[in-house]
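A.B. asks: One file is attached below, entry26.cif, containing mmCIF, C-alpha atoms.
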```
data_final
loop_
_atom_site.group_PDB
_atom_site.id
_atom_site.type_symbol
_atom_site.label_atom_id
_atom_site.label_comp_id
_atom_site.auth_asym_id
_atom_site.auth_seq_id
_atom_site.Cartn_x
_atom_site.Cartn_y
_atom_site.Cartn_z
ATOM 1 C CA MET A 1128 46.599 -28.102 -88.539
ATOM 2 C CA SER A 1129 43.825 -30.552 -87.690
ATOM 3 C CA SER A 1130 41.036 -29.683 -85.292
ATOM 4 C CA PRO A 1131 41.716 -30.728 -81.676
ATOM 5 C CA ARG A 1132 40.102 -33.875 -80.403
ATOM 6 C CA SER A 1133 38.343 -34.008 -77.082
ATOM 7 C CA THR A 1134 40.661 -35.391 -74.408
ATOM 8 C CA GLU A 1135 39.824 -35.807 -70.726
ATOM 9 C CA GLY A 1136 42.157 -34.160 -68.244
ATOM 10 C CA VAL A 1137 43.942 -31.939 -70.758
ATOM 11 C CA TYR A 1138 44.871 -28.485 -69.513
ATOM 12 C CA SER A 1139 46.246 -26.450 -72.387
ATOM 13 C CA TRP A 1140 46.558 -23.112 -74.096
ATOM 14 C CA CYS A 1141 46.412 -22.018 -77.761
ATOM 15 C CA LEU A 1142 47.879 -20.497 -80.960
ATOM 16 C CA PHE A 1143 46.735 -17.270 -82.632
ATOM 17 C CA LEU A 1144 46.803 -15.856 -86.151
ATOM 18 C CA ILE A 1145 46.538 -12.085 -86.474
ATOM 19 C CA CYS A 1146 44.879 -10.912 -89.669
ATOM 20 C CA PRO A 1147 45.305 -10.172 -92.468
ATOM 21 C CA LYS A 1148 47.748 -12.960 -91.652
ATOM 22 C CA LEU A 1149 48.536 -13.098 -87.962
ATOM 23 C CA TYR A 1150 47.828 -16.271 -86.032
ATOM 24 C CA LEU A 1151 47.562 -16.600 -82.291
ATOM 25 C CA HIS A 1152 47.782 -20.220 -81.344
ATOM 26 C CA ASN A 1153 46.628 -21.631 -78.046
ATOM 27 C CA THR A 1154 47.093 -25.276 -77.209
ATOM 28 C CA GLY A 1155 43.996 -27.263 -77.163
ATOM 29 C CA LYS A 1156 40.989 -28.155 -75.104
ATOM 30 C CA VAL A 1157 41.220 -26.676 -71.646
ATOM 31 C CA GLY A 1158 40.626 -29.366 -69.061
ATOM 32 C CA THR A 1159 38.240 -27.018 -67.340
ATOM 33 C CA ASP A 1160 36.771 -29.682 -65.145
ATOM 34 C CA LEU A 1161 40.244 -29.610 -63.602
ATOM 35 C CA ILE A 1162 39.997 -25.865 -63.033
ATOM 36 C CA ASN A 1163 36.755 -26.375 -61.172
ATOM 37 C CA THR A 1164 38.311 -29.301 -59.348
ATOM 38 C CA ALA A 1165 41.308 -27.208 -58.287
ATOM 39 C CA LEU A 1166 38.981 -24.683 -56.724
ATOM 40 C CA THR A 1167 36.902 -27.379 -55.038
ATOM 41 C CA TYR A 1168 40.018 -29.147 -53.801
ATOM 42 C CA HIS A 1169 41.361 -25.927 -52.318
ATOM 43 C CA GLU A 1170 38.085 -25.315 -50.529
ATOM 44 C CA SER A 1171 38.053 -28.881 -49.260
ATOM 45 C CA ALA A 1172 41.629 -28.629 -48.003
ATOM 46 C CA THR A 1173 40.875 -25.472 -46.061
ATOM 47 C CA ASN A 1174 37.446 -26.688 -44.946
ATOM 48 C CA PRO A 1175 37.651 -30.437 -44.168
ATOM 49 C CA SER A 1176 33.925 -30.571 -43.390
ATOM 50 C CA GLN A 1177 33.236 -30.470 -47.132
ATOM 51 C CA ASN A 1178 34.828 -33.922 -47.506
ATOM 52 C CA THR A 1179 35.164 -33.644 -51.285
ATOM 53 C CA SER A 1180 36.315 -36.841 -52.994
ATOM 54 C CA LEU A 1181 38.371 -36.551 -56.188
ATOM 55 C CA THR A 1182 39.886 -39.032 -58.576
ATOM 56 C CA ARG A 1183 43.375 -38.782 -60.061
ATOM 57 C CA ARG A 1184 41.856 -37.547 -63.302
ATOM 58 C CA GLY A 1185 40.685 -34.479 -61.443
ATOM 59 C CA ARG A 1186 37.003 -35.297 -61.641
ATOM 60 C CA HIS A 1187 34.445 -35.700 -58.897
ATOM 61 C CA GLU A 1188 33.565 -39.334 -58.329
ATOM 62 C CA ASN A 1189 29.888 -38.415 -58.547
ATOM 63 C CA GLY A 1190 30.217 -37.001 -62.067
ATOM 64 C CA PRO A 1191 32.110 -34.560 -64.302
ATOM 65 C CA GLN A 1192 32.284 -30.837 -63.798
ATOM 66 C CA THR A 1193 30.782 -28.353 -66.260
ATOM 67 C CA PRO A 1194 33.417 -27.595 -68.928
ATOM 68 C CA ARG A 1195 34.623 -24.100 -69.695
ATOM 69 C CA ARG A 1196 36.335 -22.785 -72.782
ATOM 70 C CA HIS A 1197 39.834 -21.395 -73.127
ATOM 71 C CA HIS A 1198 39.791 -19.094 -70.148
ATOM 72 C CA GLN A 1199 41.102 -15.636 -69.351
ATOM 73 C CA GLY A 1200 43.633 -16.715 -66.743
ATOM 74 C CA SER A 1201 46.160 -17.963 -69.287
ATOM 75 C CA PRO A 1202 48.958 -16.487 -71.410
ATOM 76 C CA SER A 1203 46.678 -16.790 -74.425
ATOM 77 C CA GLY A 1204 43.983 -14.806 -72.635
ATOM 78 C CA LEU A 1205 46.521 -12.055 -72.073
ATOM 79 C CA VAL A 1206 47.554 -11.989 -75.746
ATOM 80 C CA ALA A 1207 43.926 -11.926 -76.842
ATOM 81 C CA THR A 1208 43.298 -8.996 -74.491
ATOM 82 C CA VAL A 1209 46.113 -6.946 -76.016
ATOM 83 C CA LEU A 1210 44.905 -7.802 -79.518
ATOM 84 C CA ASN A 1211 41.463 -6.549 -78.514
ATOM 85 C CA GLU A 1212 42.902 -3.397 -76.927
ATOM 86 C CA LYS A 1213 44.770 -2.605 -80.136
ATOM 87 C CA GLN A 1214 41.749 -3.488 -82.287
ATOM 88 C CA VAL A 1215 43.659 -6.123 -84.248
ATOM 89 C CA PRO A 1216 41.550 -8.906 -85.813
ATOM 90 C CA PHE A 1217 42.903 -12.389 -85.238
ATOM 91 C CA GLU A 1218 42.134 -16.048 -85.773
ATOM 92 C CA PHE A 1219 42.318 -18.363 -82.784
ATOM 93 C CA ILE A 1220 43.639 -21.861 -83.505
ATOM 94 C CA PRO A 1221 43.393 -24.516 -80.759
ATOM 95 C CA VAL A 1222 46.202 -27.059 -80.441
ATOM 96 C CA ASN A 1223 45.479 -30.155 -78.372
ATOM 97 C CA THR A 1224 48.411 -30.968 -76.108
ATOM 98 C CA GLY A 1225 46.633 -34.064 -74.829
ATOM 99 C CA CYS A 1226 46.964 -35.547 -78.294
ATOM 100 C CA GLY A 1227 50.551 -34.363 -78.670
ATOM 101 C CA GLU A 1228 49.804 -31.764 -81.331
ATOM 102 C CA HIS A 1229 52.277 -29.373 -79.664
ATOM 103 C CA LYS A 1230 55.113 -31.838 -80.281
ATOM 104 C CA THR A 1231 54.649 -32.372 -84.002
ATOM 105 C CA PRO A 1232 57.486 -31.322 -86.352
ATOM 106 C CA GLU A 1233 55.232 -28.560 -87.700
ATOM 107 C CA TYR A 1234 54.638 -27.132 -84.235
ATOM 108 C CA ARG A 1235 58.281 -27.450 -83.188
ATOM 109 C CA ALA A 1236 59.240 -25.442 -86.243
ATOM 110 C CA CYS A 1237 57.221 -22.551 -84.810
ATOM 111 C CA ASN A 1238 58.113 -23.034 -81.158
ATOM 112 C CA PRO A 1239 61.008 -25.387 -80.367
ATOM 113 C CA PHE A 1240 59.989 -25.370 -76.693
ATOM 114 C CA CYS A 1241 56.620 -26.927 -77.616
ATOM 115 C CA GLN A 1242 54.685 -24.350 -75.605
ATOM 116 C CA ALA A 1243 51.980 -21.809 -76.337
ATOM 117 C CA PRO A 1244 50.849 -19.347 -77.311
ATOM 118 C CA TYR A 1245 52.697 -18.282 -80.401
ATOM 119 C CA ILE A 1246 51.660 -16.044 -83.275
ATOM 120 C CA ASP A 1247 52.108 -16.213 -87.016
ATOM 121 C CA ASP A 1248 52.007 -12.685 -88.423
ATOM 122 C CA ASP A 1249 52.195 -13.186 -92.180
ATOM 123 C CA GLY A 1250 55.053 -15.634 -91.745
ATOM 124 C CA PHE A 1251 56.690 -13.888 -88.783
ATOM 125 C CA ILE A 1252 56.625 -16.398 -85.914
ATOM 126 C CA LEU A 1253 56.883 -15.230 -82.318
ATOM 127 C CA TYR A 1254 56.379 -17.074 -79.036
ATOM 128 C CA GLU A 1255 56.352 -16.098 -75.319
ATOM 129 C CA SER A 1256 53.272 -14.094 -74.316
ATOM 130 C CA ARG A 1257 55.114 -11.021 -73.003
ATOM 131 C CA ALA A 1258 57.161 -10.738 -76.192
ATOM 132 C CA ILE A 1259 54.003 -11.160 -78.275
ATOM 133 C CA CYS A 1260 52.198 -8.443 -76.313
ATOM 134 C CA ARG A 1261 55.086 -6.007 -76.782
ATOM 135 C CA TYR A 1262 55.252 -6.767 -80.479
ATOM 136 C CA ILE A 1263 51.536 -6.133 -80.941
ATOM 137 C CA SER A 1264 51.711 -2.947 -78.869
ATOM 138 C CA MET A 1265 54.606 -1.626 -80.956
ATOM 139 C CA LYS A 1266 53.367 -2.665 -84.392
ATOM 140 C CA TYR A 1267 49.892 -1.259 -83.801
ATOM 141 C CA GLY A 1268 50.960 1.719 -81.749
ATOM 142 C CA ASP A 1269 48.564 4.054 -83.541
ATOM 143 C CA GLN A 1270 45.541 1.877 -82.740
ATOM 144 C CA GLY A 1271 43.743 1.843 -79.406
ATOM 145 C CA PRO A 1272 45.435 3.077 -76.217
ATOM 146 C CA SER A 1273 49.181 3.711 -76.171
ATOM 147 C CA LEU A 1274 50.484 0.828 -74.077
ATOM 148 C CA LEU A 1275 54.208 1.565 -74.416
ATOM 149 C CA PRO A 1276 56.239 4.708 -73.635
ATOM 150 C CA PRO A 1277 57.605 6.865 -76.480
ATOM 151 C CA VAL A 1278 60.659 5.239 -78.028
ATOM 152 C CA ASP A 1279 62.792 8.365 -77.575
ATOM 153 C CA ASP A 1280 61.892 8.888 -73.893
ATOM 154 C CA VAL A 1281 64.802 7.163 -72.154
ATOM 155 C CA ARG A 1282 63.556 7.682 -68.609
ATOM 156 C CA ALA A 1283 60.008 6.612 -69.375
ATOM 157 C CA ASN A 1284 61.351 3.435 -70.966
ATOM 158 C CA ALA A 1285 63.575 2.770 -67.964
ATOM 159 C CA LEU A 1286 60.586 3.085 -65.635
ATOM 160 C CA PHE A 1287 58.567 0.813 -67.914
ATOM 161 C CA GLU A 1288 61.307 -1.835 -67.845
ATOM 162 C CA GLN A 1289 61.516 -1.520 -64.067
ATOM 163 C CA ALA A 1290 57.778 -2.139 -63.686
ATOM 164 C CA ALA A 1291 57.859 -4.959 -66.257
ATOM 165 C CA ALA A 1292 60.632 -6.687 -64.301
ATOM 166 C CA VAL A 1293 58.604 -6.400 -61.104
ATOM 167 C CA GLU A 1294 55.617 -8.040 -62.817
ATOM 168 C CA ALA A 1295 57.702 -10.840 -64.328
ATOM 169 C CA VAL A 1296 59.545 -11.728 -61.108
ATOM 170 C CA THR A 1297 58.151 -10.140 -57.945
ATOM 171 C CA PHE A 1298 54.502 -10.731 -58.862
ATOM 172 C CA THR A 1299 54.596 -13.764 -61.139
ATOM 173 C CA GLN A 1300 56.923 -16.036 -59.153
ATOM 174 C CA PRO A 1301 54.688 -16.433 -56.074
ATOM 175 C CA VAL A 1302 51.598 -16.514 -58.303
ATOM 176 C CA ALA A 1303 53.087 -19.366 -60.330
ATOM 177 C CA GLY A 1304 54.079 -21.190 -57.155
ATOM 178 C CA ALA A 1305 50.568 -20.976 -55.727
ATOM 179 C CA ILE A 1306 48.981 -22.132 -58.990
ATOM 180 C CA ASN A 1307 51.428 -25.024 -59.235
ATOM 181 C CA GLU A 1308 50.495 -26.240 -55.769
ATOM 182 C CA ILE A 1309 46.738 -26.108 -56.244
ATOM 183 C CA PHE A 1310 46.305 -26.745 -59.955
ATOM 184 C CA TYR A 1311 49.263 -28.391 -61.629
ATOM 185 C CA LYS A 1312 49.939 -30.866 -58.857
ATOM 186 C CA ARG A 1313 46.338 -32.018 -59.071
ATOM 187 C CA LEU A 1314 46.756 -32.272 -62.838
ATOM 188 C CA ARG A 1315 49.698 -34.641 -62.290
ATOM 189 C CA GLY A 1316 47.796 -36.670 -59.706
ATOM 190 C CA LEU A 1317 49.781 -35.253 -56.780
ATOM 191 C CA THR A 1318 48.556 -33.846 -53.477
ATOM 192 C CA PRO A 1319 49.037 -30.082 -53.036
ATOM 193 C CA ASP A 1320 51.195 -28.937 -50.136
ATOM 194 C CA MET A 1321 48.904 -26.399 -48.481
ATOM 195 C CA ALA A 1322 51.735 -25.089 -46.292
ATOM 196 C CA LYS A 1323 53.697 -24.190 -49.414
ATOM 197 C CA TYR A 1324 50.596 -22.677 -50.967
ATOM 198 C CA ASP A 1325 50.070 -20.490 -47.902
ATOM 199 C CA GLU A 1326 53.730 -19.464 -48.047
ATOM 200 C CA TYR A 1327 53.408 -18.369 -51.677
ATOM 201 C CA ILE A 1328 50.268 -16.377 -50.888
ATOM 202 C CA ALA A 1329 51.951 -14.746 -47.885
ATOM 203 C CA THR A 1330 54.916 -13.759 -50.062
ATOM 204 C CA LEU A 1331 52.580 -12.346 -52.685
ATOM 205 C CA SER A 1332 50.597 -10.465 -50.034
ATOM 206 C CA ALA A 1333 53.753 -8.707 -48.843
ATOM 207 C CA LYS A 1334 54.597 -7.691 -52.412
ATOM 208 C CA LEU A 1335 51.058 -6.458 -52.987
ATOM 209 C CA ASP A 1336 51.422 -4.209 -49.934
ATOM 210 C CA VAL A 1337 54.020 -2.297 -51.970
ATOM 211 C CA TYR A 1338 51.711 -2.309 -54.987
ATOM 212 C CA ASP A 1339 48.973 -0.908 -52.760
ATOM 213 C CA GLU A 1340 51.228 1.933 -51.664
ATOM 214 C CA ILE A 1341 52.173 2.778 -55.261
ATOM 215 C CA LEU A 1342 48.576 2.593 -56.437
ATOM 216 C CA GLY A 1343 47.484 4.834 -53.585
ATOM 217 C CA LYS A 1344 49.330 7.658 -55.349
ATOM 218 C CA GLN A 1345 48.286 7.021 -58.955
ATOM 219 C CA LYS A 1346 45.663 5.182 -60.978
ATOM 220 C CA TYR A 1347 47.998 2.734 -62.693
ATOM 221 C CA LEU A 1348 51.474 1.355 -62.067
ATOM 222 C CA LEU A 1349 53.228 3.920 -64.262
ATOM 223 C CA GLY A 1350 50.971 6.886 -63.620
ATOM 224 C CA ASP A 1351 47.459 7.880 -64.557
ATOM 225 C CA GLU A 1352 47.443 6.175 -67.966
ATOM 226 C CA ILE A 1353 47.165 2.446 -68.488
ATOM 227 C CA SER A 1354 50.183 0.604 -69.882
ATOM 228 C CA LEU A 1355 51.051 -2.879 -71.022
ATOM 229 C CA VAL A 1356 52.590 -3.534 -67.592
ATOM 230 C CA ASP A 1357 49.170 -3.190 -65.976
ATOM 231 C CA LEU A 1358 47.570 -5.576 -68.445
ATOM 232 C CA LEU A 1359 50.315 -8.161 -67.921
ATOM 233 C CA HIS A 1360 48.928 -8.762 -64.414
ATOM 234 C CA LEU A 1361 45.513 -9.850 -65.679
ATOM 235 C CA SER A 1362 46.137 -13.506 -66.453
ATOM 236 C CA GLY A 1363 47.982 -14.207 -63.202
ATOM 237 C CA GLY A 1364 45.444 -12.338 -61.105
ATOM 238 C CA ALA A 1365 42.572 -14.153 -62.810
ATOM 239 C CA ALA A 1366 44.266 -17.534 -62.364
ATOM 240 C CA LEU A 1367 44.523 -16.868 -58.625
ATOM 241 C CA GLY A 1368 40.772 -16.436 -58.560
ATOM 242 C CA LEU A 1369 40.323 -19.741 -60.386
ATOM 243 C CA ILE A 1370 42.178 -21.605 -57.638
ATOM 244 C CA GLY A 1371 40.130 -19.935 -54.914
ATOM 245 C CA SER A 1372 42.340 -17.068 -53.751
ATOM 246 C CA ASP A 1373 40.878 -13.590 -53.168
ATOM 247 C CA ILE A 1374 44.279 -11.982 -52.584
ATOM 248 C CA MET A 1375 43.763 -9.482 -55.420
ATOM 249 C CA GLY A 1376 40.776 -8.052 -53.558
ATOM 250 C CA GLN A 1377 42.317 -7.758 -50.104
ATOM 251 C CA LYS A 1378 44.251 -4.499 -50.560
ATOM 252 C CA PRO A 1379 42.033 -1.464 -51.252
ATOM 253 C CA ASN A 1380 44.141 0.200 -53.942
ATOM 254 C CA VAL A 1381 45.135 -3.093 -55.566
ATOM 255 C CA ALA A 1382 41.475 -4.149 -55.594
ATOM 256 C CA ARG A 1383 40.418 -0.867 -57.216
ATOM 257 C CA TRP A 1384 43.183 -1.193 -59.834
ATOM 258 C CA PHE A 1385 42.550 -4.857 -60.617
ATOM 259 C CA ASN A 1386 38.796 -4.330 -60.825
ATOM 260 C CA ASP A 1387 39.457 -1.477 -63.257
ATOM 261 C CA LEU A 1388 41.605 -3.738 -65.439
ATOM 262 C CA SER A 1389 39.156 -6.632 -65.232
ATOM 263 C CA SER A 1390 36.256 -4.418 -66.272
ATOM 264 C CA ARG A 1391 37.879 -3.391 -69.564
ATOM 265 C CA GLU A 1392 35.902 -4.608 -72.563
ATOM 266 C CA SER A 1393 39.020 -6.187 -74.092
ATOM 267 C CA TRP A 1394 39.136 -8.563 -71.124
ATOM 268 C CA ARG A 1395 35.420 -8.946 -70.440
ATOM 269 C CA VAL A 1396 34.711 -10.314 -73.925
ATOM 270 C CA LEU A 1397 36.893 -13.317 -73.031
ATOM 271 C CA LYS A 1398 34.731 -14.272 -70.062
ATOM 272 C CA ASP A 1399 33.078 -17.146 -71.919
ATOM 273 C CA GLY A 1400 36.188 -18.116 -73.835
ATOM 274 C CA ILE A 1401 38.658 -16.810 -76.400
ATOM 275 C CA VAL A 1402 37.059 -16.296 -79.792
ATOM 276 C CA GLY A 1403 38.878 -14.959 -82.842
ATOM 277 C CA SER A 1404 37.773 -11.607 -84.264
ATOM 278 C CA ALA A 1405 38.819 -12.084 -87.893
#
```
Written as structure tokens, that's how I'd like the structure from this file.

C.D. replies:
Amino acid sequence: MSSPRSTEGVYSWCLFLICPKLYLHNTGKVGTDLINTALTYHESATNPSQNTSLTRRGRHENGPQTPRRHHQGSPSGLVATVLNEKQVPFEFIPVNTGCGEHKTPEYRACNPFCQAPYIDDDGFILYESRAICRYISMKYGDQGPSLLPPVDDVRANALFEQAAAVEAVTFTQPVAGAINEIFYKRLRGLTPDMAKYDEYIATLSAKLDVYDEILGKQKYLLGDEISLVDLLHLSGGAALGLIGSDIMGQKPNVARWFNDLSSRESWRVLKDGIVGSA
């Protein structure tokens, strides 16, 4: 696959390859000026005195923002974190969505939904970040921390699935709604609805009250040992920070838990961008 070309206003993820032959693909050049813009726009909307002027392309009229690399607050950042936790070397292959590289016949053959990330593990193709993370955690179960319950422990698996469902729906739905309002609408040249944004954050805050109660009794969501369910919250929580929300730091037990997750080396090494370890 050819190297991605620089494209203004492209916000995209990537593809990975895990070694000896496992690829993790992310799609393309992150339009990181747009990430900075989303944050600035949010601040301007809540503080009109800033009077920030933006163009449809998501750039300040007085000049471009400083670019970032493929950032943590993405599905690819989550997959890279789990690969790092399990000490699995991988190659990171950018795919530029702005140039349509995610819609080529070759890409569709790997992911018919034309999304990212996906992995190529010696010819085994898998997409959807949560499925990828489970696969890695199972295949490399004897490396790094045990992120999944024992296969033969029915109750432990039931509790894991319960917590995983909460992350996928109860947590992720309002997070996705808030990010859509502040980030993706700006990406499409639309004006965010701040009332809707506030509603999503209020919904999330109520759910995090329950998280705070649970985490007041134990270190992690399933007990005193970290699990994949905990790590699955990293990309969404980080993305909230990118759009200017401090909701993950407003509840004492949630803040302690999320700071613990965010301080793990597997996540911290992605601070300046996702880099393959092969």

A.B. asks: With 8 Å as the cut-off and all atoms listed in the file counted, what is the closest atom pair between each nearby residue of region 1264-1303 of chain A and region 1208-1227 of chain A? Distances in Å to one decimal, ordered by chain and number, as CSV.

C.D. replies:
```
residue,atom,partner,partner_atom,distance
A:Ser1264,CA,A:Lys1213,CA,7.1
A:Tyr1267,CA,A:Lys1213,CA,6.4
A:Gly1268,CA,A:Lys1213,CA,7.7
A:Gln1270,CA,A:Lys1213,CA,5.2
A:Gly1271,CA,A:Lys1213,CA,4.6
A:Pro1272,CA,A:Lys1213,CA,6.9
```

A.B. asks: Once the PyMOL selection byres ((chain A and resi 1375-1385) around 7) is applied to the coordinates I shared, what remains selected? I want it as number ranges by chain.

C.D. replies: A: 1338-1339, 1342-1343, 1346-1347, 1364, 1373-1374, 1386-1389

A.B. asks: Would you translate the PyMOL selection byres ((chain A and resi 1298) around 9) into the concrete set of residues it matches in this file, as a PDB file with C-alpha atoms, in the frame of the given file?

C.D. replies:
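Final output, selection24.pdb:
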```pdb
ATOM      1  CA  VAL A1293      58.604  -6.400 -61.104  1.00  0.00           C
ATOM      2  CA  GLU A1294      55.617  -8.040 -62.817  1.00  0.00           C
ATOM      3  CA  ALA A1295      57.702 -10.840 -64.328  1.00  0.00           C
ATOM      4  CA  VAL A1296      59.545 -11.728 -61.108  1.00  0.00           C
ATOM      5  CA  THR A1297      58.151 -10.140 -57.945  1.00  0.00           C
ATOM      6  CA  THR A1299      54.596 -13.764 -61.139  1.00  0.00           C
ATOM      7  CA  GLN A1300      56.923 -16.036 -59.153  1.00  0.00           C
ATOM      8  CA  PRO A1301      54.688 -16.433 -56.074  1.00  0.00           C
ATOM      9  CA  VAL A1302      51.598 -16.514 -58.303  1.00  0.00           C
ATOM     10  CA  ALA A1303      53.087 -19.366 -60.330  1.00  0.00           C
ATOM     11  CA  LEU A1331      52.580 -12.346 -52.685  1.00  0.00           C
ATOM     12  CA  LYS A1334      54.597  -7.691 -52.412  1.00  0.00           C
ATOM     13  CA  LEU A1335      51.058  -6.458 -52.987  1.00  0.00           C
ATOM     14  CA  HIS A1360      48.928  -8.762 -64.414  1.00  0.00           C
ATOM     15  CA  GLY A1363      47.982 -14.207 -63.202  1.00  0.00           C
TER      16      GLY A1363
END
```

A.B. asks: Quick one: residues within 12 Å of Asn1307 (chain A), all atoms listed in the file counted, chain neighbours fewer than 6 positions away excluded, as an NGL selection string?

C.D. replies: :A and (1165 or 1299-1301 or 1313-1315 or 1317-1321 or 1323-1324 or 1327 or 1366-1367 or 1370)

A.B. asks: If I take CA of Ala1305 (chain A) and CA of Val1396 (chain A), how far is one from the other in Å, to one decimal?

C.D. replies: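 Distance reported for this atom pair: 26.4 Å.
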
A.B. asks: Taking all atoms listed in the file into account, which of A:Ala1405, A:Leu1205, A:Ala1291, A:Val1281 comes nearest Ile1263 (chain A)?

C.D. replies: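 Among the listed residues, A:Leu1205 lies closest to Ile1263 (chain A).
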
A.B. asks: Between CA of Ala1322 (chain A) and CA of Glu1308 (chain A), what is the distance, to one decimal in Å?

C.D. replies: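 CA of Glu1308 (chain A) lies at a distance of 9.6 Å from CA of Ala1322 (chain A).
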
A.B. asks: Please measure the separation of CA of Ser1203 (chain A) and CA of Pro1244 (chain A), giving the value in Å to one decimal.

C.D. replies: 5.7 Å

A.B. asks: What would the selection look like, as a PyMOL selection string, if the PyMOL selection byres ((chain A and resi 1288) around 12) were run on the coordinates I just shared?

C.D. replies: chain A and resi 1261+1275-1276+1281-1287+1289-1295+1348-1349+1354-1356

A.B. asks: Edge lengths and centre in Å to one decimal, as lines of an AutoDock Vina configuration file, is what I'm after for the box along x, y and z that holds all listed atoms of region 1215-1221 of chain A once 4 Å is added on each side.

C.D. replies:
```
center_x = 42.6
center_y = -15.3
center_z = -83.3
size_x = 10.1
size_y = 26.4
size_z = 13.1
```

A.B. asks: Tell me which of A:Val1278, A:Leu1359, A:Ala1329, A:Ile1353 sits closest to Ser1256 (chain A), counting only C-alpha atoms.

C.D. replies: A:Leu1359

A.B. asks: Between A:Cys1241, A:Glu1352, A:Leu1358, A:Ile1252, which one has atoms that come closest to Ser1273 (chain A), using all atoms listed in the file?

C.D. replies: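 Answer, going by the shortest atom-to-atom distance: A:Glu1352.
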
A.B. asks: From the list A:Ser1390, A:Val1206, A:Lys1266, A:Ser1372, which residue is nearest Tyr1245 (chain A) when using only C-alpha atoms?

C.D. replies: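 Answer, going by the shortest atom-to-atom distance: A:Val1206.
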
A.B. asks: Just checking: using only C-alpha atoms, which residue out of A:Ile1328, A:Val1337, A:Ile1246, A:Ile1401 ends up closest to Ser1201 (chain A)?

C.D. replies: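 Between A:Ile1328, A:Val1337, A:Ile1246, A:Ile1401, the residue approaching Ser1201 (chain A) most closely is A:Ile1401.
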